[in-house]
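A.B. asks: Starting off with a structure, shown below.
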Amino acid sequence: MPTITDLVDSGAIVRIDVELAPRDQPLRLLYGTPQFIEWLQGLLRGDEPSQRLGQTSPAEQVDDLFHSFLSGEPLIFTRQFRVVRAEENAVWELKTPDIRIFGWFMAKDCFVAVFGNWADTVKDHDLYRGYRIAIRRLRRELGIDATLCVRGVEPDDVLSV
Amino acid sequence: MTFFRFDIGARSRTAGRLLGRVRRELLRAVTEERRAGLTQQELARRLQDKRSNINRQLSGEDEITLRSLADLAWALDREITFELRRPGDTAGQNIAPLTSTVGHKPIRIIAPKMTND
């Protein structure tokens with residue numbers, strides 16, 4: 001059964017970080033699939049939704065979200081993260097005004113991002129079910145559905161503090 | 001690739017994190033007050049504004065001006081603390097700019113002193 005290190009070594013997931021302020025310490029772990037990293041690179045190139053809601057750019061929103069997550073700030077349940085469907089081995093969603101990120105928690109405070117998309121697109125096309133099924137399939141293919149996946153659906157199950 | 005740094009640049013980082021932090025502080029205060037029985041409807045009544053306007057500000061869809069921040073803090077019975085300070089070294093902080101390979105400072109190569117004797 002693969003470990004997190006095996007998944008990184010095989011290229012299935014990539015560790016993600018952002019610059020932390022001098023007084024911050026990295027208290028959580030964030031990974032993404034190669035496909036998700038490509039999507040992040042699009043944000044860095046300036047990709048924008050057709051109609052932006054947030055006061056800040058999508059890249060700024062994601063940087064702020066990742067910084068909050070990695071530095072161990074308490075995230076606000078349902079406003080910044082929520083479970084897509086209350087089920088065993090659930091898929092979770094991280095949120096900003098314009099962005100939705102889907103993935104799962106391999107362990108408490110350890111998230112793997114698989115899909116990122118504009119909030120409007122996700123809602124208009126009701127992509128929740130499709131992303132949920134695709135992420136469950138990916139976990140099965142990686143052989144980690146039973147080992148590297150938090151089972152609980154309460155905020156305290158996936159994030160400390 | 002085993003590692004990816006999402007780097008948007010210092011200027012964007014400062015703006016995005018400040019605005020995000022203000023919004024989160026407000027959301028936390030609203031959540032705390034909700035537990036104590038204050039609804040968004042009541043908050044809107046205190047501010048003589050529409051509930052939908054306040055919700056859009058809290059969700060990040062509408063701009064929060066300094067005036068609306070002060071009004072929300074008043075309605076939530078919260079003090080605002082604000083400070084601008086120069087970055088300085090304090091005990092226990094990261095020293096990433098000196099040690100990181102992705103820091104903005106060029107790499108310094110310190111050669112051993114050569115003697116001629």
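Simple scheme: letters A, B, ... for chains in structure tokens order, numbers from 1 for residues in each chain, numbers from 1 for ligands in the order shown.
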Go through chain A and flag each residue having an atom no more than 8 Å from chain B; for those, report the closest pair of atoms plus their distance in Å to one decimal, using only C-alpha atoms, ordered by chain and rising number, as a tab-separated table.

C.D. replies:
```
residue	atom	partner	partner_atom	distance
A:Val8	CA	B:Thr2	CA	6.0
A:Asp9	CA	B:Thr2	CA	7.1
A:Gly11	CA	B:Thr2	CA	6.7
A:Ile13	CA	B:Thr2	CA	7.4
A:Val14	CA	B:Thr2	CA	4.7
A:Arg15	CA	B:Phe3	CA	4.6
A:Ile16	CA	B:Phe4	CA	4.8
A:Asp17	CA	B:Arg5	CA	4.9
A:Val18	CA	B:Phe6	CA	5.2
A:Glu19	CA	B:Asp7	CA	7.0
A:Ala21	CA	B:Asn94	CA	7.8
A:Pro22	CA	B:Asn94	CA	4.7
A:Arg23	CA	B:Gln93	CA	4.8
A:Asp24	CA	B:Asn94	CA	7.3
A:Gln25	CA	B:Asn94	CA	7.5
A:Ile37	CA	B:Phe4	CA	7.6
A:Leu40	CA	B:Phe6	CA	7.5
A:Leu44	CA	B:Ile8	CA	6.6
A:Leu53	CA	B:Glu61	CA	4.8
A:Gly54	CA	B:Glu61	CA	4.8
A:Gln55	CA	B:Glu63	CA	5.9
A:Thr56	CA	B:Gly16	CA	6.1
A:Ser57	CA	B:Gly16	CA	7.8
A:Ala59	CA	B:Ile8	CA	6.9
A:Glu60	CA	B:Gly16	CA	4.7
A:Gln61	CA	B:Gly16	CA	6.1
A:Asp63	CA	B:Arg13	CA	7.0
A:Asp64	CA	B:Arg17	CA	5.0
A:Ile76	CA	B:Arg28	CA	7.5
A:Arg79	CA	B:Ser59	CA	7.5
A:Pro97	CA	B:Gly60	CA	5.7
```

A.B. asks: Could you save those same residues with C-alpha atoms as an mmCIF file, in the first residue's frame?

C.D. replies:
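Result written to again.cif:
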```
data_model
loop_
_atom_site.group_PDB
_atom_site.id
_atom_site.type_symbol
_atom_site.label_atom_id
_atom_site.label_comp_id
_atom_site.auth_asym_id
_atom_site.auth_seq_id
_atom_site.Cartn_x
_atom_site.Cartn_y
_atom_site.Cartn_z
ATOM 1 C CA VAL A 8 5.291 12.043 -4.460
ATOM 2 C CA ASP A 9 8.146 9.917 -5.826
ATOM 3 C CA GLY A 11 4.724 11.908 -9.602
ATOM 4 C CA ILE A 13 1.047 14.226 -6.361
ATOM 5 C CA VAL A 14 3.238 17.301 -5.963
ATOM 6 C CA ARG A 15 3.846 19.236 -2.750
ATOM 7 C CA ILE A 16 2.521 22.825 -2.928
ATOM 8 C CA ASP A 17 3.585 25.765 -0.821
ATOM 9 C CA VAL A 18 3.389 29.544 -0.726
ATOM 10 C CA GLU A 19 5.762 32.035 0.827
ATOM 11 C CA ALA A 21 5.617 35.440 6.556
ATOM 12 C CA PRO A 22 8.598 35.514 8.937
ATOM 13 C CA ARG A 23 6.420 34.691 11.949
ATOM 14 C CA ASP A 24 4.456 31.885 10.240
ATOM 15 C CA GLN A 25 5.289 28.235 10.583
ATOM 16 C CA ILE A 37 -0.583 22.207 -10.814
ATOM 17 C CA LEU A 40 -2.471 26.787 -10.845
ATOM 18 C CA LEU A 44 -0.220 32.598 -12.334
ATOM 19 C CA LEU A 53 -16.877 38.511 -8.037
ATOM 20 C CA GLY A 54 -13.985 38.979 -5.619
ATOM 21 C CA GLN A 55 -12.203 42.220 -4.894
ATOM 22 C CA THR A 56 -8.879 40.474 -5.423
ATOM 23 C CA SER A 57 -7.615 38.483 -8.414
ATOM 24 C CA ALA A 59 -4.433 34.155 -7.950
ATOM 25 C CA GLU A 60 -4.503 36.453 -4.906
ATOM 26 C CA GLN A 61 -7.532 34.620 -3.541
ATOM 27 C CA ASP A 63 -2.566 32.525 -2.368
ATOM 28 C CA ASP A 64 -4.538 33.811 0.625
ATOM 29 C CA ILE A 76 -14.260 29.030 8.455
ATOM 30 C CA ARG A 79 -17.322 29.722 3.907
ATOM 31 C CA PRO A 97 -15.242 34.077 -3.817
#
```

A.B. asks: I'd like the contact shell of B:Gln40 - 12 Å cut-off, only C-alpha atoms, skipping same-chain residues fewer than 5 positions apart - returned as a PDB file with N, CA and C atoms, in the first residue's frame.

C.D. replies:
```
ATOM      1  N   LEU B  27     -15.934  37.605   9.410  1.00  0.00           N
ATOM      2  CA  LEU B  27     -16.729  36.371   9.415  1.00  0.00           C
ATOM      3  C   LEU B  27     -16.666  35.677  10.777  1.00  0.00           C
ATOM      4  N   ALA B  29     -16.193  37.122  13.675  1.00  0.00           N
ATOM      5  CA  ALA B  29     -16.998  37.896  14.621  1.00  0.00           C
ATOM      6  C   ALA B  29     -18.481  37.641  14.379  1.00  0.00           C
ATOM      7  N   VAL B  30     -18.880  37.579  13.105  1.00  0.00           N
ATOM      8  CA  VAL B  30     -20.294  37.320  12.795  1.00  0.00           C
ATOM      9  C   VAL B  30     -20.692  35.931  13.301  1.00  0.00           C
ATOM     10  N   THR B  31     -19.808  34.953  13.096  1.00  0.00           N
ATOM     11  CA  THR B  31     -20.100  33.579  13.560  1.00  0.00           C
ATOM     12  C   THR B  31     -20.241  33.549  15.081  1.00  0.00           C
ATOM     13  N   GLU B  32     -19.345  34.234  15.772  1.00  0.00           N
ATOM     14  CA  GLU B  32     -19.423  34.273  17.245  1.00  0.00           C
ATOM     15  C   GLU B  32     -20.727  34.921  17.707  1.00  0.00           C
ATOM     16  N   GLU B  33     -21.070  36.025  17.057  1.00  0.00           N
ATOM     17  CA  GLU B  33     -22.291  36.740  17.453  1.00  0.00           C
ATOM     18  C   GLU B  33     -23.541  35.938  17.111  1.00  0.00           C
ATOM     19  N   ARG B  34     -23.458  35.163  16.011  1.00  0.00           N
ATOM     20  CA  ARG B  34     -24.610  34.343  15.630  1.00  0.00           C
ATOM     21  C   ARG B  34     -24.889  33.316  16.719  1.00  0.00           C
ATOM     22  N   ARG B  35     -23.802  32.746  17.260  1.00  0.00           N
ATOM     23  CA  ARG B  35     -23.981  31.780  18.356  1.00  0.00           C
ATOM     24  C   ARG B  35     -24.633  32.444  19.569  1.00  0.00           C
ATOM     25  N   ARG B  45     -30.314  45.403  10.263  1.00  0.00           N
ATOM     26  CA  ARG B  45     -31.187  46.427  10.864  1.00  0.00           C
ATOM     27  C   ARG B  45     -30.339  47.467  11.601  1.00  0.00           C
ATOM     28  N   ARG B  46     -29.343  46.983  12.352  1.00  0.00           N
ATOM     29  CA  ARG B  46     -28.478  47.925  13.080  1.00  0.00           C
ATOM     30  C   ARG B  46     -27.764  48.874  12.122  1.00  0.00           C
ATOM     31  N   LEU B  47     -27.369  48.326  10.965  1.00  0.00           N
ATOM     32  CA  LEU B  47     -26.603  49.133  10.003  1.00  0.00           C
ATOM     33  C   LEU B  47     -27.510  49.873   9.026  1.00  0.00           C
ATOM     34  N   GLN B  48     -28.799  49.661   9.143  1.00  0.00           N
ATOM     35  CA  GLN B  48     -29.784  50.258   8.233  1.00  0.00           C
ATOM     36  C   GLN B  48     -29.401  49.960   6.777  1.00  0.00           C
ATOM     37  N   ASP B  49     -29.122  48.711   6.531  1.00  0.00           N
ATOM     38  CA  ASP B  49     -28.702  48.255   5.205  1.00  0.00           C
ATOM     39  C   ASP B  49     -29.459  46.971   4.890  1.00  0.00           C
ATOM     40  N   LYS B  50     -29.323  46.497   3.640  1.00  0.00           N
ATOM     41  CA  LYS B  50     -29.976  45.236   3.267  1.00  0.00           C
ATOM     42  C   LYS B  50     -29.102  44.063   3.708  1.00  0.00           C
ATOM     43  N   ARG B  51     -29.760  42.979   4.102  1.00  0.00           N
ATOM     44  CA  ARG B  51     -29.028  41.787   4.518  1.00  0.00           C
ATOM     45  C   ARG B  51     -28.162  41.253   3.362  1.00  0.00           C
ATOM     46  N   SER B  52     -28.712  41.344   2.134  1.00  0.00           N
ATOM     47  CA  SER B  52     -27.975  40.817   0.974  1.00  0.00           C
ATOM     48  C   SER B  52     -26.682  41.609   0.748  1.00  0.00           C
ATOM     49  N   ASN B  53     -26.707  42.923   1.014  1.00  0.00           N
ATOM     50  CA  ASN B  53     -25.488  43.731   0.859  1.00  0.00           C
ATOM     51  C   ASN B  53     -24.417  43.284   1.843  1.00  0.00           C
ATOM     52  N   ILE B  54     -24.845  43.049   3.078  1.00  0.00           N
ATOM     53  CA  ILE B  54     -23.882  42.634   4.107  1.00  0.00           C
ATOM     54  C   ILE B  54     -23.337  41.250   3.770  1.00  0.00           C
ATOM     55  N   ASN B  55     -24.215  40.380   3.303  1.00  0.00           N
ATOM     56  CA  ASN B  55     -23.771  39.034   2.948  1.00  0.00           C
ATOM     57  C   ASN B  55     -22.749  39.079   1.814  1.00  0.00           C
ATOM     58  N   ARG B  56     -22.965  39.955   0.837  1.00  0.00           N
ATOM     59  CA  ARG B  56     -22.013  40.042  -0.279  1.00  0.00           C
ATOM     60  C   ARG B  56     -20.663  40.594   0.191  1.00  0.00           C
ATOM     61  N   LEU B  58     -19.429  40.148   3.214  1.00  0.00           N
ATOM     62  CA  LEU B  58     -18.786  39.088   4.010  1.00  0.00           C
ATOM     63  C   LEU B  58     -18.274  37.956   3.132  1.00  0.00           C
ATOM     64  N   LEU B  72     -19.295  47.831  10.429  1.00  0.00           N
ATOM     65  CA  LEU B  72     -19.518  46.431  10.825  1.00  0.00           C
ATOM     66  C   LEU B  72     -18.919  46.161  12.207  1.00  0.00           C
ATOM     67  N   ALA B  75     -21.275  47.549  14.708  1.00  0.00           N
ATOM     68  CA  ALA B  75     -22.498  46.745  14.843  1.00  0.00           C
ATOM     69  C   ALA B  75     -22.219  45.416  15.544  1.00  0.00           C
ATOM     70  N   LEU B  76     -20.992  44.927  15.414  1.00  0.00           N
ATOM     71  CA  LEU B  76     -20.632  43.648  16.044  1.00  0.00           C
ATOM     72  C   LEU B  76     -20.004  43.853  17.430  1.00  0.00           C
TER      73      LEU B  76
END
```

A.B. asks: Would you pick out the contacts of A:Glu88 at 9 Å or less, using only C-alpha atoms, so that residues sharing its chain but fewer than 4 positions from it are not included, and give the list as a PyMOL selection string?

C.D. replies: chain A and resi 150-153

A.B. asks: Go ahead and dump the residues you just picked, N, CA and C atoms, as a compact mmCIF listing (two decimals), in the first residue's frame.

C.D. replies:
```
# COMPACT_ATOMS: atom_id res chain seq x y z
N VAL A 150 -9.13 10.48 5.05
CA VAL A 150 -9.86 10.71 6.30
C VAL A 150 -11.32 10.30 6.11
N ARG A 151 -11.85 9.55 7.06
CA ARG A 151 -13.20 9.03 6.91
C ARG A 151 -14.28 9.97 7.44
N GLY A 152 -13.94 10.76 8.44
CA GLY A 152 -14.96 11.62 9.06
C GLY A 152 -15.39 12.77 8.17
N VAL A 153 -16.53 13.35 8.50
CA VAL A 153 -17.05 14.46 7.70
C VAL A 153 -17.25 15.73 8.53
```

A.B. asks: If we count only C-alpha atoms and set the cut-off at 10 Å, which residues sit around A:Leu148, ignoring sequence neighbours fewer than 5 positions away in its own chain? Please answer as a PDB file with C-alpha atoms, in the first residue's frame.

C.D. replies:
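Below is the file part.pdb, written as the result:
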```pdb
ATOM      1  CA  MET A   1       0.000   0.000   0.000  1.00  0.00           C
ATOM      2  CA  PRO A   2       1.561   3.309  -1.117  1.00  0.00           C
ATOM      3  CA  THR A   3       2.687   5.967   1.331  1.00  0.00           C
ATOM      4  CA  ILE A   4       2.601   9.732   0.759  1.00  0.00           C
ATOM      5  CA  ASN A  89     -14.048   8.860   2.459  1.00  0.00           C
ATOM      6  CA  TRP A 104      -9.585  15.028  -0.202  1.00  0.00           C
ATOM      7  CA  PHE A 105      -7.702  14.859   3.086  1.00  0.00           C
ATOM      8  CA  MET A 106      -5.093  12.082   3.150  1.00  0.00           C
ATOM      9  CA  ALA A 107      -4.733  12.714   6.868  1.00  0.00           C
ATOM     10  CA  CYS A 110      -3.044  17.137   4.834  1.00  0.00           C
ATOM     11  CA  ARG A 139      -8.067   7.259  -5.024  1.00  0.00           C
ATOM     12  CA  LEU A 142      -3.817   4.934  -6.587  1.00  0.00           C
ATOM     13  CA  GLY A 143      -4.728   2.160  -4.156  1.00  0.00           C
TER      14      GLY A 143
END
```

A.B. asks: Could you pull out the helix (DSSP H, G or I) residues of stretch 48-83 of chain A, going by DSSP on the backbone, and write them as a list in words?

C.D. replies: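 Here are the helix (DSSP H, G or I) residues of stretch 48-83 of chain A: Pro58, Ala59, Glu60, Gln61, Val62, Asp63, Asp64, Leu65, Phe66, His67, Ser68, Phe69 and Leu70 of chain A.
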
A.B. asks: Would you save the residues of that selection, restricted to N, CA and C atoms, as a compact mmCIF listing (two decimals), in the first residue's frame?

C.D. replies:
```txt
# COMPACT_ATOMS: atom_id res chain seq x y z
N PRO A 58 -8.10 36.12 -8.88
CA PRO A 58 -8.18 34.70 -8.51
C PRO A 58 -6.86 34.19 -7.92
N ALA A 59 -5.73 34.61 -8.48
CA ALA A 59 -4.43 34.15 -7.95
C ALA A 59 -4.23 34.66 -6.52
N GLU A 60 -4.62 35.91 -6.27
CA GLU A 60 -4.50 36.45 -4.91
C GLU A 60 -5.42 35.72 -3.93
N GLN A 61 -6.60 35.37 -4.40
CA GLN A 61 -7.53 34.62 -3.54
C GLN A 61 -6.96 33.25 -3.18
N VAL A 62 -6.36 32.60 -4.17
CA VAL A 62 -5.81 31.26 -3.91
C VAL A 62 -4.58 31.35 -3.01
N ASP A 63 -3.73 32.34 -3.25
CA ASP A 63 -2.57 32.53 -2.37
C ASP A 63 -3.02 32.73 -0.93
N ASP A 64 -4.04 33.55 -0.73
CA ASP A 64 -4.54 33.81 0.63
C ASP A 64 -5.11 32.54 1.25
N LEU A 65 -5.85 31.79 0.45
CA LEU A 65 -6.43 30.53 0.96
C LEU A 65 -5.33 29.54 1.34
N PHE A 66 -4.34 29.37 0.45
CA PHE A 66 -3.24 28.44 0.73
C PHE A 66 -2.43 28.90 1.95
N HIS A 67 -2.23 30.22 2.04
CA HIS A 67 -1.47 30.74 3.18
C HIS A 67 -2.22 30.47 4.49
N SER A 68 -3.52 30.71 4.50
CA SER A 68 -4.32 30.43 5.71
C SER A 68 -4.22 28.95 6.07
N PHE A 69 -4.36 28.12 5.04
CA PHE A 69 -4.33 26.68 5.27
C PHE A 69 -2.98 26.24 5.81
N LEU A 70 -1.91 26.61 5.10
CA LEU A 70 -0.58 26.10 5.44
C LEU A 70 -0.07 26.66 6.77
```

A.B. asks: Using only C-alpha atoms, find the one residue out of A:Ala86, A:Asp109, A:Phe36, A:Glu93 that sits nearest to A:Tyr128.

C.D. replies: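 Nearest to A:Tyr128: A:Glu93.
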